[in-house]
>>> print(open('start10.txt').read())   # compact mmCIF, C-alpha atoms and all ligand atoms
# COMPACT_ATOMS: atom_id res chain seq x y z
CA MET Q 1 31.03 25.44 -21.19
CA LEU Q 2 27.96 24.44 -23.11
CA ILE Q 3 26.20 21.35 -21.77
CA ASP Q 4 24.35 18.70 -23.74
CA SER Q 5 23.37 16.32 -20.96
CA HIS Q 6 21.59 13.90 -23.32
CA CYS Q 7 22.41 13.14 -26.95
CA HIS Q 8 22.81 10.14 -29.25
CA LEU Q 9 25.85 11.19 -31.25
CA GLN Q 10 26.76 7.52 -31.71
CA PHE Q 11 23.64 6.86 -33.86
CA GLN Q 12 23.90 5.74 -37.46
CA VAL Q 13 22.43 9.02 -38.69
CA TYR Q 14 25.83 10.70 -38.04
CA SER Q 15 27.94 8.02 -39.73
CA GLU Q 16 28.72 10.17 -42.79
CA ASP Q 17 29.82 13.34 -41.00
CA ARG Q 18 30.28 12.58 -37.30
CA LYS Q 19 33.78 14.12 -37.36
CA GLU Q 20 32.42 17.46 -38.54
CA VAL Q 21 29.66 17.46 -35.94
CA ILE Q 22 32.21 16.67 -33.23
CA GLU Q 23 34.51 19.45 -34.48
CA LYS Q 24 31.66 21.91 -34.16
CA CYS Q 25 30.94 20.71 -30.61
CA LEU Q 26 34.62 20.98 -29.64
CA SER Q 27 34.84 24.51 -31.06
CA LYS Q 28 32.00 25.48 -28.72
CA ASP Q 29 33.69 23.96 -25.68
CA MET Q 30 31.04 21.38 -24.87
CA PHE Q 31 30.35 18.73 -22.28
CA LEU Q 32 28.47 15.83 -23.86
CA ASN Q 33 26.65 12.94 -22.28
CA ILE Q 34 26.22 10.33 -25.04
CA VAL Q 35 23.35 8.07 -24.08
CA GLY Q 36 22.96 4.41 -25.01
CA THR Q 37 19.63 2.82 -25.92
CA GLN Q 38 20.71 -0.85 -26.08
CA LYS Q 39 23.95 -2.86 -25.91
CA ASP Q 40 25.30 -1.80 -29.29
CA THR Q 41 24.64 1.94 -28.87
CA SER Q 42 25.88 1.84 -25.28
CA LYS Q 43 29.19 0.34 -26.42
CA LYS Q 44 29.44 2.98 -29.16
CA ALA Q 45 28.74 5.72 -26.61
CA VAL Q 46 31.63 4.45 -24.48
CA ASP Q 47 33.93 4.33 -27.54
CA LEU Q 48 33.15 7.97 -28.38
CA ALA Q 49 33.57 9.05 -24.76
CA SER Q 50 36.99 7.37 -24.67
CA ALA Q 51 38.13 9.39 -27.67
CA TYR Q 52 37.30 12.93 -26.43
CA GLU Q 53 38.09 14.55 -23.13
CA ASN Q 54 34.75 16.10 -22.20
CA PHE Q 55 32.54 13.43 -23.71
CA TYR Q 56 30.93 10.95 -21.33
CA ALA Q 57 28.72 7.89 -21.74
CA THR Q 58 25.51 6.59 -20.21
CA VAL Q 59 24.64 2.92 -20.71
CA GLY Q 60 21.38 1.00 -20.62
CA VAL Q 61 18.35 -0.29 -22.53
CA HIS Q 62 15.68 2.19 -23.65
CA PRO Q 63 12.13 1.07 -22.69
CA ILE Q 64 11.07 0.82 -26.33
CA GLN Q 65 13.99 -1.51 -27.09
CA HIS Q 66 12.34 -4.08 -24.89
CA THR Q 67 9.44 -4.72 -27.21
CA ALA Q 68 10.17 -5.64 -30.80
CA THR Q 69 8.34 -2.90 -32.67
CA ALA Q 70 9.28 -0.73 -35.60
CA VAL Q 71 9.94 2.80 -34.42
CA ILE Q 72 9.86 5.79 -36.69
CA GLU Q 73 11.01 9.06 -35.21
CA GLU Q 74 11.28 12.50 -36.78
CA ASN Q 75 14.60 12.02 -38.53
CA THR Q 76 15.61 8.45 -38.26
CA SER Q 77 14.08 5.03 -38.15
CA PHE Q 78 15.26 1.83 -36.60
CA ILE Q 79 13.91 -1.48 -35.50
CA SER Q 80 13.95 -2.07 -31.78
CA ARG Q 81 15.23 -5.47 -30.83
CA GLY Q 82 13.38 -6.78 -27.83
CA GLU Q 83 16.58 -6.62 -25.82
CA GLU Q 84 16.88 -7.88 -22.25
CA PHE Q 85 19.13 -6.25 -19.65
CA ASP Q 86 22.54 -7.91 -19.83
CA GLU Q 87 24.16 -6.93 -16.53
CA ASP Q 88 27.56 -8.50 -17.31
CA PHE Q 89 27.79 -6.63 -20.60
CA PHE Q 90 27.05 -3.26 -18.96
CA GLU Q 91 29.42 -3.98 -16.08
CA ASP Q 92 32.24 -4.45 -18.60
CA LEU Q 93 31.41 -0.99 -20.00
CA ILE Q 94 31.46 0.60 -16.52
CA VAL Q 95 34.96 -0.77 -15.95
CA THR Q 96 36.23 1.48 -18.78
CA GLY Q 97 35.74 4.51 -16.52
CA GLN Q 98 33.80 6.39 -19.21
CA VAL Q 99 30.32 5.73 -17.84
CA ILE Q 100 28.68 8.47 -15.75
CA GLY Q 101 25.04 7.33 -15.75
CA ILE Q 102 22.60 4.45 -16.24
CA GLY Q 103 19.89 4.68 -18.93
CA GLU Q 104 18.16 5.72 -20.77
CA THR Q 105 15.53 3.82 -18.89
CA GLY Q 106 11.96 4.62 -17.88
CA LEU Q 107 8.47 4.09 -19.29
CA ASP Q 108 7.13 4.78 -22.78
CA LYS Q 109 3.49 4.26 -23.68
CA TYR Q 110 3.81 6.04 -27.02
CA HIS Q 111 5.39 3.16 -28.88
CA ILE Q 112 3.33 0.28 -27.53
CA PRO Q 113 0.02 -0.94 -28.95
CA GLU Q 114 -3.30 -0.33 -27.20
CA GLY Q 115 -5.03 -3.19 -25.41
CA GLU Q 116 -3.70 -6.41 -23.93
CA ALA Q 117 -0.46 -6.58 -25.95
CA GLY Q 118 0.31 -3.04 -24.80
CA ASN Q 119 -0.38 -3.90 -21.17
CA ILE Q 120 2.04 -6.83 -21.34
CA ALA Q 121 4.70 -4.65 -22.97
CA PHE Q 122 4.19 -1.96 -20.34
CA GLU Q 123 4.59 -4.43 -17.47
CA LYS Q 124 7.84 -5.61 -19.10
CA GLN Q 125 9.03 -2.00 -19.25
CA LYS Q 126 8.39 -1.64 -15.52
CA ILE Q 127 10.50 -4.73 -14.76
CA LEU Q 128 13.30 -3.42 -16.99
CA PHE Q 129 13.11 0.01 -15.31
CA LYS Q 130 13.44 -1.55 -11.85
CA LYS Q 131 16.45 -3.57 -13.04
CA HIS Q 132 18.12 -0.31 -14.13
CA ILE Q 133 17.38 1.29 -10.76
CA ALA Q 134 18.96 -1.64 -8.90
CA PHE Q 135 21.95 -1.57 -11.26
CA ALA Q 136 22.42 2.20 -10.80
CA ARG Q 137 22.26 1.74 -7.05
CA LYS Q 138 24.80 -1.08 -7.15
CA HIS Q 139 27.28 1.06 -9.09
CA ASN Q 140 26.42 4.34 -7.37
CA LEU Q 141 25.56 6.03 -10.67
CA PRO Q 142 22.65 8.40 -11.46
CA LEU Q 143 19.65 7.37 -13.56
CA ILE Q 144 18.67 8.92 -16.88
CA VAL Q 145 14.90 8.52 -17.03
CA HIS Q 146 12.72 8.75 -20.13
CA VAL Q 147 8.94 9.16 -19.95
CA ARG Q 148 6.52 9.34 -22.84
CA ASP Q 149 2.73 9.25 -22.82
CA ALA Q 150 0.44 7.22 -25.05
CA LYS Q 151 -0.37 8.78 -28.43
CA ASN Q 152 -3.84 9.96 -27.55
CA ALA Q 153 -3.39 10.47 -23.82
CA GLU Q 154 -5.81 13.07 -22.45
CA GLU Q 155 -3.32 14.02 -19.80
CA SER Q 156 0.12 12.94 -18.75
CA SER Q 157 -0.39 9.67 -16.92
CA THR Q 158 2.90 7.86 -17.53
CA HIS Q 159 4.59 10.13 -14.98
CA GLU Q 160 2.25 8.66 -12.35
CA ASP Q 161 3.57 5.16 -13.11
CA VAL Q 162 7.14 6.45 -12.82
CA PHE Q 163 6.38 8.17 -9.49
CA GLU Q 164 4.87 4.98 -8.15
CA ILE Q 165 8.04 3.02 -8.94
CA LEU Q 166 10.49 5.68 -7.73
CA GLU Q 167 8.61 6.49 -4.54
CA GLU Q 168 8.33 2.84 -3.60
CA GLU Q 169 12.01 2.21 -4.38
CA TRP Q 170 13.17 5.26 -2.44
CA LYS Q 171 11.08 4.24 0.55
CA GLU Q 172 12.52 0.74 0.55
CA ASN Q 173 16.13 1.38 -0.36
CA GLY Q 174 16.81 5.12 -0.11
CA ASN Q 175 17.16 7.85 -2.74
CA ILE Q 176 19.44 7.79 -5.73
CA LYS Q 177 20.14 10.75 -7.98
CA GLY Q 178 18.88 11.09 -11.50
CA VAL Q 179 17.50 13.27 -14.25
CA LEU Q 180 14.11 13.19 -15.92
CA HIS Q 181 15.28 13.86 -19.46
CA CYS Q 182 13.39 15.95 -22.01
CA PHE Q 183 10.82 16.97 -19.42
CA THR Q 184 7.46 17.96 -20.92
CA GLY Q 185 5.19 17.54 -17.91
CA ASN Q 186 3.49 20.14 -15.75
CA ILE Q 187 4.60 22.21 -12.75
CA GLU Q 188 3.24 19.80 -10.18
CA GLN Q 189 5.06 16.86 -11.78
CA ALA Q 190 8.27 18.91 -12.04
CA LYS Q 191 8.14 19.65 -8.32
CA ARG Q 192 7.48 16.02 -7.50
CA TYR Q 193 10.63 14.94 -9.37
CA ILE Q 194 12.64 17.61 -7.58
CA ASP Q 195 11.29 16.34 -4.24
CA LEU Q 196 12.56 12.90 -5.22
CA GLY Q 197 16.02 14.42 -5.71
CA PHE Q 198 15.88 14.52 -9.51
CA TYR Q 199 17.09 17.13 -11.95
CA LEU Q 200 14.98 18.07 -14.97
CA GLY Q 201 16.46 18.05 -18.47
CA PHE Q 202 15.01 20.53 -20.98
CA GLY Q 203 15.53 20.21 -24.71
CA GLY Q 204 14.40 21.69 -28.02
CA VAL Q 205 10.73 21.15 -27.15
CA ILE Q 206 10.79 24.25 -24.93
CA THR Q 207 11.46 26.37 -28.03
CA TYR Q 208 8.36 25.13 -29.85
CA PRO Q 209 5.21 27.23 -29.85
CA ASN Q 210 2.77 25.96 -27.23
CA LYS Q 211 0.13 25.35 -29.82
CA GLY Q 212 -0.18 21.65 -30.47
CA ASN Q 213 1.67 20.64 -27.34
CA LYS Q 214 -0.47 19.44 -24.52
CA TYR Q 215 0.54 20.79 -21.17
CA VAL Q 216 -1.90 20.15 -18.42
CA ASN Q 217 -0.87 23.15 -16.44
CA GLY Q 218 0.32 25.96 -18.68
CA SER Q 219 3.45 25.76 -20.79
CA LEU Q 220 6.99 24.48 -20.23
CA ALA Q 221 8.05 28.11 -19.93
CA ASP Q 222 5.85 28.29 -16.81
CA VAL Q 223 7.59 25.17 -15.49
CA ILE Q 224 10.99 26.77 -16.02
CA ASP Q 225 9.81 29.95 -14.27
CA SER Q 226 8.71 28.01 -11.23
CA ILE Q 227 11.65 25.69 -10.53
CA PRO Q 228 15.12 26.55 -9.17
CA LEU Q 229 18.01 26.95 -11.61
CA GLU Q 230 19.96 24.46 -9.52
CA LYS Q 231 17.68 21.67 -10.76
CA ILE Q 232 17.86 22.43 -14.49
CA LEU Q 233 19.94 20.63 -17.12
CA THR Q 234 20.11 21.42 -20.83
CA GLU Q 235 20.02 18.74 -23.51
CA THR Q 236 19.17 18.06 -27.15
CA ASP Q 237 18.24 14.37 -27.43
CA ALA Q 238 19.96 14.72 -30.82
CA PRO Q 239 19.27 13.50 -33.51
CA TYR Q 240 15.66 14.10 -32.38
CA LEU Q 241 13.77 17.22 -31.37
CA SER Q 242 15.75 19.97 -33.14
CA PRO Q 243 15.10 23.39 -31.60
CA LYS Q 244 12.60 25.58 -33.48
CA LYS Q 245 15.29 27.38 -35.49
CA TYR Q 246 16.50 24.07 -36.97
CA ARG Q 247 13.24 22.13 -36.94
CA GLY Q 248 12.79 19.63 -39.74
CA GLY Q 249 16.51 18.92 -39.89
CA ARG Q 250 18.71 16.53 -37.93
CA CYS Q 251 19.47 17.80 -34.45
CA GLU Q 252 23.12 18.17 -33.37
CA PRO Q 253 24.43 18.64 -29.81
CA TRP Q 254 25.71 22.23 -30.30
CA MET Q 255 22.11 23.29 -31.07
CA VAL Q 256 21.61 23.16 -27.30
CA GLU Q 257 22.58 26.86 -27.53
CA GLU Q 258 18.98 27.55 -28.50
CA VAL Q 259 17.74 25.83 -25.35
CA VAL Q 260 20.18 27.81 -23.19
CA ASP Q 261 19.08 31.08 -24.83
CA PHE Q 262 15.44 30.30 -24.16
CA ILE Q 263 16.04 29.51 -20.47
CA ALA Q 264 18.30 32.57 -20.02
CA GLU Q 265 15.53 34.75 -21.42
CA ARG Q 266 12.91 33.23 -19.12
CA LYS Q 267 15.15 33.58 -16.09
CA GLU Q 268 16.26 37.08 -17.23
CA MET Q 269 19.91 36.28 -16.87
CA ASP Q 270 23.21 36.31 -18.71
CA VAL Q 271 23.83 33.27 -20.96
CA ASP Q 272 27.40 32.71 -19.66
CA LYS Q 273 26.23 32.81 -16.08
CA LEU Q 274 23.48 30.33 -16.87
CA ASN Q 275 25.97 28.01 -18.60
CA ASP Q 276 28.15 28.08 -15.47
CA ILE Q 277 25.18 27.07 -13.31
CA ILE Q 278 24.15 24.29 -15.71
CA GLU Q 279 27.74 23.07 -15.82
CA ASN Q 280 27.84 22.88 -12.04
CA ASN Q 281 24.51 21.03 -12.00
CA PHE Q 282 25.93 18.58 -14.54
CA ARG Q 283 29.09 18.11 -12.48
CA GLU Q 284 27.07 17.68 -9.30
CA LEU Q 285 24.69 15.08 -10.73
CA PHE Q 286 27.38 13.05 -12.46
CA SER Q 287 29.93 13.38 -9.64
CA LEU Q 288 32.54 15.24 -11.69
CA SER Q 289 34.69 17.77 -9.83
CA LEU Q 290 32.86 21.10 -9.27
CA LEU Q 291 33.94 24.40 -10.84
ZN ZN Z 301 14.34 9.59 -24.24
ZN ZN Z 302 17.35 9.95 -25.78
>>> encode(input="start10.txt", output="C-alpha cells")
Amino acid sequence: MLIDSHCHLQFQVYSEDRKEVIEKCLSKDMFLNIVGTQKDTSKKAVDLASAYENFYATVGVHPIQHTATAVIEENTSFISRGEEFDEDFFEDLIVTGQVIGIGETGLDKYHIPEGEAGNIAFEKQKILFKKHIAFARKHNLPLIVHVRDAKNAEESSTHEDVFEILEEEWKENGNIKGVLHCFTGNIEQAKRYIDLGFYLGFGGVITYPNKGNKYVNGSLADVIDSIPLEKILTETDAPYLSPKKYRGGRCEPWMVEEVVDFIAERKEMDVDKLNDIIENNFRELFSLSLL
C-alpha cells in the first residue's frame, strides 16, 4: 500500500472535488492519516475517516491556531482562530474509534511576529504543546509534531525548543511514540528524534532542489541516507508542499508516490519493498495490526 501519514484532505480547498481526489487515492490502495489543525478540522478528519476503510484521523490544535494571525500558505489561506485546547471535545472524537494520533502539535516560529508579541505567542505554543503531550499520554496515542523555524532563522533553532520539552517530559514521565512530520532538519537533529523514539516523516520537500533550502548539515537526501528505513514515514502535508513534479498546484495525497520514488532511489531499493516497510512503520507507530 501507499502511505500518506499526514494530509489535510478535509480542508476547504478540496470541497469542489474531494470525491475525485478520494477515488484516485482508493485506486492506488492508500493508507491516509487525515490530520486536524483545530476543533472543526479535527471533527471533519474523523468524519472522513469514518467513511473509508483505510482512512484514519489525528486530532488536535496546530500551534499557529493558538495565535490569531492571518496565515497565507502556498495554495490556500485561512484565518487562525486563537483556539484553546478543549479536552472534552477531543475526547468525544477519540470515542469514535477513528483517531490514531494526537496533533498536529508542536512549535512554529514562522507565523509569529518578532519581538515581545512573538515571545508571548511562543510561550503559549509551548503550553499548548505540553497539553497535547499529556493528552496523548492519557489516551496512549502517538504525537504528530510540527516544527517550523522563524522566517529569517540563520539555523534551525526551533528543534532545540522541541528537544527541551520532549527530553524533560520523557525524563519525568517516560517516553511516548510520535512522528516529527515534514522533517527538514539536519542529520544530528534526525538522530536525536530517533533516540527519543520518534519516526521522521518526509514529504514533497525532499524532491525540491537543495538550492534555496537551508540545511545546516548537507541536504535532506543525506539525512535519508544516514537513518534506518525502520524510522521513515512518507507524507504529503496536502494541500501544501506539492512534490517537484506538481509544484505550483494543489497537493493531493496520492502524490506521495513522488516521495516514495525519491527515497527508493536514495536507498537503492525496489519501490514495492519500500512501501511494505513504510506500511509496517505506519502500522507500528499507530498500533494497527502488522503485515
Ligand atoms: Zn505541519
Ligand atoms: Zn500538516
>>> closest_atom_pairs(input="start10.txt", of="chain Q", to="ligand ZN 301 (chain Z)", cutoff="9 Å", atoms="all atoms listed in the file", output="Markdown table")
| residue | atom | partner | partner_atom | distance |
| --- | --- | --- | --- | --- |
| Q:His6 | CA | Z:ZN301 | ZN | 8.5 |
| Q:Thr37 | CA | Z:ZN301 | ZN | 8.8 |
| Q:His62 | CA | Z:ZN301 | ZN | 7.5 |
| Q:Pro63 | CA | Z:ZN301 | ZN | 8.9 |
| Q:Glu104 | CA | Z:ZN301 | ZN | 6.5 |
| Q:Thr105 | CA | Z:ZN301 | ZN | 8.0 |
| Q:Gly106 | CA | Z:ZN301 | ZN | 8.4 |
| Q:Asp108 | CA | Z:ZN301 | ZN | 8.8 |
| Q:Ile144 | CA | Z:ZN301 | ZN | 8.6 |
| Q:Val145 | CA | Z:ZN301 | ZN | 7.3 |
| Q:His146 | CA | Z:ZN301 | ZN | 4.5 |
| Q:Val147 | CA | Z:ZN301 | ZN | 6.9 |
| Q:Arg148 | CA | Z:ZN301 | ZN | 7.9 |
| Q:His181 | CA | Z:ZN301 | ZN | 6.5 |
| Q:Cys182 | CA | Z:ZN301 | ZN | 6.8 |
| Q:Asp237 | CA | Z:ZN301 | ZN | 6.9 |
>>> atom_distance(input="start10.txt", atom1="CA of Ile187 (chain Q)", atom2="CA of Val223 (chain Q)")
5.0 Å
>>> residues_around(input="start10.txt", residues="region 271-280 of chain Q", least_positions_apart="3", cutoff="12 Å", atoms="all atoms listed in the file", output="NGL selection string")
:Q and (1-5 or 29-32 or 54 or 199-202 or 228-235 or 256-268 or 283-291)
>>> closest_residue(input="start10.txt", among="Q:Val61, Q:Ile102, Q:Ala153, Q:Ile224", to="Ala190 (chain Q)", atoms="all atoms listed in the file")
Q:Ile224
>>> closest_residue(input="start10.txt", among="Q:Cys251, Q:Ile227, Q:Ile94, Q:Met269", to="ligand ZN 302 (chain Z)", atoms="all atoms listed in the file")
Q:Cys251
>>> residues_around(input="start10.txt", residues="Gly60 (chain Q)", least_positions_apart="3", cutoff="10 Å", atoms="all atoms listed in the file", output="list in words")
Val35, Gly36, Thr37, Gln38, Lys39, Asp40, Thr41, Ser42, Lys43, Pro63, Phe85, Asp86, Glu87, Phe89, Phe90, Gly101, Ile102, Gly103, Glu104, Thr105, Leu128, Phe129, His132, Phe135, Ala136, Leu143 and Ile144 of chain Q
>>> atom_distance(input="start10.txt", atom1="CA of Ala57 (chain Q)", atom2="CA of Val99 (chain Q)")
4.7 Å
>>> closest_residue(input="start10.txt", among="Q:Glu91, Q:Pro142, Q:Phe183, Q:Leu220", to="Gly197 (chain Q)", atoms="all atoms listed in the file")
Q:Pro142
>>> closest_residue(input="start10.txt", among="Q:Val205, Q:Ala117, Q:Phe55, Q:Ser219", to="Tyr240 (chain Q)", atoms="all atoms listed in the file")
Q:Val205
>>> residues_around(input="start10.txt", residues="Lys151 (chain Q)", least_positions_apart="6", cutoff="9 Å", atoms="all atoms listed in the file", output="list in words")
Lys109, Tyr110 and His111 of chain Q
>>> atom_distance(input="start10.txt", atom1="CA of Ile133 (chain Q)", atom2="CA of Val59 (chain Q)")
12.4 Å
>>> closest_residue(input="start10.txt", among="Q:Pro253, Q:Gly97, Q:Pro209, Q:Gly174", to="ligand ZN 302 (chain Z)", atoms="only C-alpha atoms and all ligand atoms")
Q:Pro253
>>> residues_around(input="start10.txt", residues="Tyr193 (chain Q)", least_positions_apart="6", cutoff="10 Å", atoms="all atoms listed in the file", output="PyMOL selection string")
chain Q and resi 159+162-163+166-167+178-180+199-200+231
>>> closest_residue(input="start10.txt", among="Q:Lys130, Q:Asp225, Q:Asn186, Q:Gly203", to="ligand ZN 302 (chain Z)", atoms="only C-alpha atoms and all ligand atoms")
Q:Gly203
>>> residues_around(input="start10.txt", residues="Lys244 (chain Q)", least_positions_apart="3", cutoff="7 Å", atoms="only C-alpha atoms", output="ChimeraX atom specification")
/Q:204,207-208,247
